[in-house]
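Chemist: My questions all concern the structure below.
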Amino acid sequence: GVVDLIAGGAAGAVSVLALTIDVIKTKLQGEDGNKFRGLIDCCRQTVKTQGVGALYSGLGPRMTRDVIGSALIFGVYHKVKDVVEGFAL
C-alpha cells in the first residue's frame with residue numbers, strides 16, 4: 001500500500017548518497033581519467049576546479065529515477081507476495 005510506496009521512495013532517496021562516488025568513478029573512467037592519481041585526488045581536483053556542486057551533477061534525474069523505481073518495486077513486491085501467499089497450500 002501507501003506505506004510500501006513511501007518506504008520504497010525513502011530507500012531510493014537514500015541511495016542518492018552514493019551519487020558523489022558515481023560522479024567521481026565516471027570522471028576516472030572518462031578520457032581525462034589519467035589526469036588523476038586516484039579517487040581522492042579526483043574528488044579534490046573536481047571540488048577545487050568546479051566546486052562542490054560538481055559532485056552532485058545529475059542529481060535531479062538520478063533522484064527521480066531512484067525514488068520512483070524503488071517505490072514501485074516495494075509496492076509491487078508486496079502486492080505480488082500477498083497474491084502468491086493466497087495460492088500456498
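Each chain in the C-alpha cells gets a letter, A, B, ..., in the order shown, and its residues are numbered from 1; ligands are numbered from 1 in order too.
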Fewer than 6 positions away in the same chain doesn't count, so skip those; otherwise give me all residues within 10 Å of stretch 11-16 of chain A, counting only C-alpha atoms, as a list in words.

Modeler: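 Counting only C-alpha atoms, the residues come to Leu5, Asp22, Tyr56, Leu59, Gly60, Arg62, Met63, Thr64, Arg65, Asp66, Val67, Ile68, Gly69, Ser70, Ala71 and Phe74 of chain A.
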
Chemist: Kindly export the residues of the current selection with C-alpha atoms, as a PDB file, in the first residue's frame.

Modeler:
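Wrote part-v1.pdb, looks like this:
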```pdb
ATOM      1  CA  LEU A   5       5.444   3.191  -1.671  1.00  0.00           C
ATOM      2  CA  ASP A  22      29.414   7.567  -9.135  1.00  0.00           C
ATOM      3  CA  TYR A  56      26.132  16.261  -7.418  1.00  0.00           C
ATOM      4  CA  LEU A  59      21.131  14.718  -9.004  1.00  0.00           C
ATOM      5  CA  GLY A  60      17.646  15.576 -10.302  1.00  0.00           C
ATOM      6  CA  ARG A  62      19.006  10.263 -10.548  1.00  0.00           C
ATOM      7  CA  MET A  63      16.724  11.162  -7.631  1.00  0.00           C
ATOM      8  CA  THR A  64      13.647  10.902  -9.851  1.00  0.00           C
ATOM      9  CA  ARG A  65      14.681   7.509 -11.202  1.00  0.00           C
ATOM     10  CA  ASP A  66      15.686   6.036  -7.841  1.00  0.00           C
ATOM     11  CA  VAL A  67      12.713   7.294  -5.820  1.00  0.00           C
ATOM     12  CA  ILE A  68      10.085   6.261  -8.362  1.00  0.00           C
ATOM     13  CA  GLY A  69      11.799   2.961  -9.156  1.00  0.00           C
ATOM     14  CA  SER A  70      12.217   1.923  -5.531  1.00  0.00           C
ATOM     15  CA  ALA A  71       8.681   2.963  -4.655  1.00  0.00           C
ATOM     16  CA  PHE A  74       8.436  -2.079  -2.930  1.00  0.00           C
TER      17      PHE A  74
END
```

Chemist: If we count only C-alpha atoms and set the cut-off at 12 Å, which residues sit around stretch 25-32 of chain A, ignoring sequence neighbours fewer than 3 positions away in its own chain? Please answer as a PyMOL selection string.

Modeler: chain A and resi 18-22+35-43+45-46+54-55+57-58

Chemist: Determine, counting only C-alpha atoms, which protein, DNA and RNA residues have an atom within 8 Å of an atom of A:Gly75; residues of the same chain fewer than 4 positions away are not included. Present the result as a ChimeraX atom specification.

Modeler: /A:1-2,4-5,8,71,79
